[in-house]
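Just below is one structure, and these are the notes that go with it.
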Amino acid sequence: MQTDKIKIKNSGEGMNMALQEAEKFAMYTDMDKKSALRVRLLVEETLGMVEAITGDFSADFWIENDKKCAVRIRLEALSEMDYKKKQELIQASSDKKNAAGKGLMGKIRQIIENGLYSIDEVGSLQAEYGGEALMYGNMGMCEIDPGSAIYSMNYMWSLENYRNSIENTSNTDEAVKEAWDELEKSIVANIADDVRVGVKGNKIELTIEKRSF
């Protein structure tokens with residue numbers, strides 16, 4: 001099934017309606033209370049990330065499922081923000097630079113923001129763990145399946161790939177430990193099987209998947 005599509009904005013518009021759609025989805029799919037709570041938590045984390053996005057931002061939100069996936073939370077957005085406007089926002093900030101994403105959803109927010117402005121900037125995104133810089137933009141990048149619906153995307157980041165990259169990274173043990181600790185503290189990383197961000201021009205697609213309960 002698929003819920004209605006709700007237009008949500010980082011100003012807060014549509015947020016309550018999105019939560020109502022999550023409740024309807026849980027009810028229509030006969031979820032138990034624990035599973036319904038997990039879906040709501042994933043939606044709340046998604047909406048919190050949207051609220052933190054810089055500049056004017058709006059997206060279509062919906063939830064769906066099929067035989068391969070119990071829950072799939074979807075966002076599709078188009079942005080009018082360009083690189084020049086982004087730089088103006090950065091210059092207006094107190095520290096004159098784009099704040100590093102904190103936590104998993106903070107990093108996903110940065111991938112979305114930077115992906116909408118410039119594909120090259122996505123790969124350069126990094127976070128410091130144990131005094132070592134991890135390039136989380138490149139670490140989560142994955143090849144796009146030619147048979148997939150998002151094959152037209154220029155860039156695809158995957159939480160699953162990011163996890164695997166951390167596990168296989170050659171950085172210091174302390175850096176790996178801190179990166180894993182961040183994932184272990186993340187609600188989304190603990191519930192979702194994968195999070196994917198696809199970017200093409202000014203179009204962004206976010207997919208959060210829970211394959212089974």
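Labels for the structure tokens follow display order: chains A, B, ..., residues from 1 in each chain, ligands from 1.
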Spatial neighbours of range 192-203 of chain A, 7 Å, only C-alpha atoms, chain gap at least 4 places, as number ranges by chain: A: 77-79, 115-116, 153-160, 188, 207-211
Generate the output file for the selected residues, C-alpha atoms, as a PDB file, in the first residue's frame.
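Result file again_6.pdb:
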```
ATOM      1  CA  ALA A  77      12.219  17.194  -3.178  1.00  0.00           C
ATOM      2  CA  LEU A  78      13.195  19.883  -5.636  1.00  0.00           C
ATOM      3  CA  SER A  79      15.258  22.814  -4.439  1.00  0.00           C
ATOM      4  CA  GLY A 115      23.924  17.241  -2.969  1.00  0.00           C
ATOM      5  CA  LEU A 116      21.379  19.835  -3.996  1.00  0.00           C
ATOM      6  CA  MET A 153      20.463   9.716 -10.094  1.00  0.00           C
ATOM      7  CA  ASN A 154      23.969  11.194 -10.329  1.00  0.00           C
ATOM      8  CA  TYR A 155      24.873  10.203  -6.782  1.00  0.00           C
ATOM      9  CA  MET A 156      23.631   7.575  -4.339  1.00  0.00           C
ATOM     10  CA  TRP A 157      24.591   7.336  -0.643  1.00  0.00           C
ATOM     11  CA  SER A 158      23.643   4.298   1.425  1.00  0.00           C
ATOM     12  CA  LEU A 159      23.730   3.725   5.181  1.00  0.00           C
ATOM     13  CA  GLU A 160      24.392   0.052   4.487  1.00  0.00           C
ATOM     14  CA  VAL A 188      17.438   5.417  12.666  1.00  0.00           C
ATOM     15  CA  THR A 207      14.387   6.403   1.269  1.00  0.00           C
ATOM     16  CA  ILE A 208      14.382   4.792   4.713  1.00  0.00           C
ATOM     17  CA  GLU A 209      13.714   1.051   4.669  1.00  0.00           C
ATOM     18  CA  LYS A 210      12.647  -1.424   7.323  1.00  0.00           C
ATOM     19  CA  ARG A 211      12.448  -4.731   5.450  1.00  0.00           C
TER      20      ARG A 211
END
```
message: At a cut-off of 10 Å, using only C-alpha atoms, what residues contact range 48-61 of chain A? Leave out same-chain residues fewer than 5 positions from it and give the result as number ranges by chain.
response: A: 3-15, 17-18, 21, 42-43, 73-81, 85-86, 89-90, 98, 104-110, 112-113, 203-206
Which polymer residues have any atom within 10 Å of an atom of Asp66 in chain A, counting only C-alpha atoms, with same-chain residues fewer than 5 positions away left out, as an mmCIF file with N, CA, C and O atoms, in the first residue's frame?
```
data_model
loop_
_atom_site.group_PDB
_atom_site.id
_atom_site.type_symbol
_atom_site.label_atom_id
_atom_site.label_comp_id
_atom_site.auth_asym_id
_atom_site.auth_seq_id
_atom_site.Cartn_x
_atom_site.Cartn_y
_atom_site.Cartn_z
ATOM 1 N N MET A 1 0.826 -1.189 0.000
ATOM 2 C CA MET A 1 0.000 0.000 0.000
ATOM 3 C C MET A 1 0.863 1.243 0.000
ATOM 4 O O MET A 1 2.078 1.178 0.213
ATOM 5 N N GLN A 2 0.250 2.378 -0.253
ATOM 6 C CA GLN A 2 0.945 3.658 -0.218
ATOM 7 C C GLN A 2 0.016 4.693 0.410
ATOM 8 O O GLN A 2 -1.166 4.765 0.082
ATOM 9 N N VAL A 71 8.238 -1.516 5.452
ATOM 10 C CA VAL A 71 8.038 -0.069 5.544
ATOM 11 C C VAL A 71 9.098 0.642 4.706
ATOM 12 O O VAL A 71 10.291 0.342 4.808
ATOM 13 N N ARG A 72 8.634 1.569 3.911
ATOM 14 C CA ARG A 72 9.556 2.391 3.123
ATOM 15 C C ARG A 72 9.095 3.838 3.244
ATOM 16 O O ARG A 72 8.054 4.217 2.711
ATOM 17 N N ARG A 211 12.884 -3.638 6.333
ATOM 18 C CA ARG A 211 12.448 -4.731 5.450
ATOM 19 C C ARG A 211 11.486 -5.694 6.120
ATOM 20 O O ARG A 211 10.659 -6.310 5.448
#
```
- prompt: Contacts of Glu128 in chain A at 12 Å or less, counting only C-alpha atoms, minus same-chain residues fewer than 3 places along, as a PyMOL selection string?
  reply: chain A and resi 100-103+125+131-136+171-172+174-179+182
Restricted to N, CA, C and O atoms, what would the selected residues look like written as an mmCIF file, in the first residue's frame?
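Done, and the output landed in result_27.cif:
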```
data_model
loop_
_atom_site.group_PDB
_atom_site.id
_atom_site.type_symbol
_atom_site.label_atom_id
_atom_site.label_comp_id
_atom_site.auth_asym_id
_atom_site.auth_seq_id
_atom_site.Cartn_x
_atom_site.Cartn_y
_atom_site.Cartn_z
ATOM 1 N N ALA A 100 29.373 21.177 10.597
ATOM 2 C CA ALA A 100 29.466 19.739 10.346
ATOM 3 C C ALA A 100 28.232 19.036 10.888
ATOM 4 O O ALA A 100 27.687 19.410 11.918
ATOM 5 N N GLY A 101 27.789 18.018 10.164
ATOM 6 C CA GLY A 101 26.630 17.260 10.607
ATOM 7 C C GLY A 101 26.950 16.466 11.861
ATOM 8 O O GLY A 101 27.971 15.781 11.917
ATOM 9 N N LYS A 102 26.113 16.574 12.873
ATOM 10 C CA LYS A 102 26.305 15.827 14.105
ATOM 11 C C LYS A 102 25.295 14.692 14.157
ATOM 12 O O LYS A 102 24.107 14.901 13.967
ATOM 13 N N GLY A 103 25.774 13.486 14.439
ATOM 14 C CA GLY A 103 24.906 12.330 14.458
ATOM 15 C C GLY A 103 24.575 11.882 13.049
ATOM 16 O O GLY A 103 24.858 12.571 12.065
ATOM 17 N N LEU A 125 32.402 15.559 2.028
ATOM 18 C CA LEU A 125 31.901 15.662 3.393
ATOM 19 C C LEU A 125 32.662 14.718 4.317
ATOM 20 O O LEU A 125 32.894 13.563 3.983
ATOM 21 N N GLY A 131 40.342 12.153 16.287
ATOM 22 C CA GLY A 131 41.402 12.944 15.668
ATOM 23 C C GLY A 131 41.641 12.617 14.207
ATOM 24 O O GLY A 131 42.497 13.219 13.567
ATOM 25 N N GLU A 132 40.880 11.660 13.665
ATOM 26 C CA GLU A 132 41.013 11.269 12.265
ATOM 27 C C GLU A 132 39.774 11.679 11.490
ATOM 28 O O GLU A 132 38.659 11.557 11.976
ATOM 29 N N ALA A 133 39.986 12.201 10.271
ATOM 30 C CA ALA A 133 38.862 12.604 9.430
ATOM 31 C C ALA A 133 38.375 11.414 8.604
ATOM 32 O O ALA A 133 39.159 10.774 7.906
ATOM 33 N N LEU A 134 37.090 11.103 8.706
ATOM 34 C CA LEU A 134 36.482 10.060 7.887
ATOM 35 C C LEU A 134 35.619 10.733 6.821
ATOM 36 O O LEU A 134 34.759 11.551 7.138
ATOM 37 N N MET A 135 35.845 10.368 5.568
ATOM 38 C CA MET A 135 35.094 10.959 4.466
ATOM 39 C C MET A 135 33.772 10.216 4.317
ATOM 40 O O MET A 135 33.636 9.318 3.491
ATOM 41 N N TYR A 136 32.793 10.595 5.135
ATOM 42 C CA TYR A 136 31.552 9.825 5.151
ATOM 43 C C TYR A 136 30.746 9.976 3.866
ATOM 44 O O TYR A 136 29.934 9.129 3.530
ATOM 45 N N ASN A 171 41.458 3.587 9.038
ATOM 46 C CA ASN A 171 41.746 4.602 10.041
ATOM 47 C C ASN A 171 42.015 3.964 11.402
ATOM 48 O O ASN A 171 41.849 2.767 11.583
ATOM 49 N N THR A 172 42.429 4.792 12.361
ATOM 50 C CA THR A 172 42.806 4.286 13.674
ATOM 51 C C THR A 172 41.632 3.599 14.353
ATOM 52 O O THR A 172 40.471 3.870 14.069
ATOM 53 N N GLU A 174 40.533 4.077 17.279
ATOM 54 C CA GLU A 174 39.730 5.044 18.018
ATOM 55 C C GLU A 174 38.713 5.712 17.094
ATOM 56 O O GLU A 174 37.554 5.925 17.479
ATOM 57 N N ALA A 175 39.121 6.026 15.884
ATOM 58 C CA ALA A 175 38.204 6.644 14.922
ATOM 59 C C ALA A 175 37.070 5.694 14.587
ATOM 60 O O ALA A 175 35.905 6.092 14.537
ATOM 61 N N VAL A 176 37.409 4.445 14.359
ATOM 62 C CA VAL A 176 36.386 3.445 14.038
ATOM 63 C C VAL A 176 35.437 3.262 15.217
ATOM 64 O O VAL A 176 34.213 3.168 15.054
ATOM 65 N N LYS A 177 35.996 3.219 16.414
ATOM 66 C CA LYS A 177 35.190 3.042 17.623
ATOM 67 C C LYS A 177 34.182 4.181 17.771
ATOM 68 O O LYS A 177 33.011 3.950 18.084
ATOM 69 N N GLU A 178 34.621 5.411 17.551
ATOM 70 C CA GLU A 178 33.731 6.559 17.699
ATOM 71 C C GLU A 178 32.650 6.570 16.620
ATOM 72 O O GLU A 178 31.492 6.925 16.886
ATOM 73 N N ALA A 179 33.031 6.198 15.393
ATOM 74 C CA ALA A 179 32.052 6.155 14.305
ATOM 75 C C ALA A 179 30.989 5.103 14.579
ATOM 76 O O ALA A 179 29.798 5.327 14.369
ATOM 77 N N GLU A 182 28.619 6.250 17.297
ATOM 78 C CA GLU A 182 27.614 7.177 16.773
ATOM 79 C C GLU A 182 26.456 6.416 16.127
ATOM 80 O O GLU A 182 25.289 6.755 16.340
#
```
message: Residues of range 7-210 of chain A classed as strand (DSSP E or B) by DSSP on the backbone are to be reported as an MDAnalysis selection string.
response: chainID A and resid 7:9 58:64 71:78 127:129 132:134 141 155:158 194:200 203:210
task: Would you mind reading off the distance between CA of Ser165 in chain A and CA of Met139 in chain A, one decimal, in Å?
output: 5.6 Å
- request: May I ask for the distance between CA of Met27 in chain A and CA of Lys185 in chain A, given in Å to one decimal place?
  value: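 Separation of CA of Met27 in chain A and CA of Lys185 in chain A: 28.3 Å.
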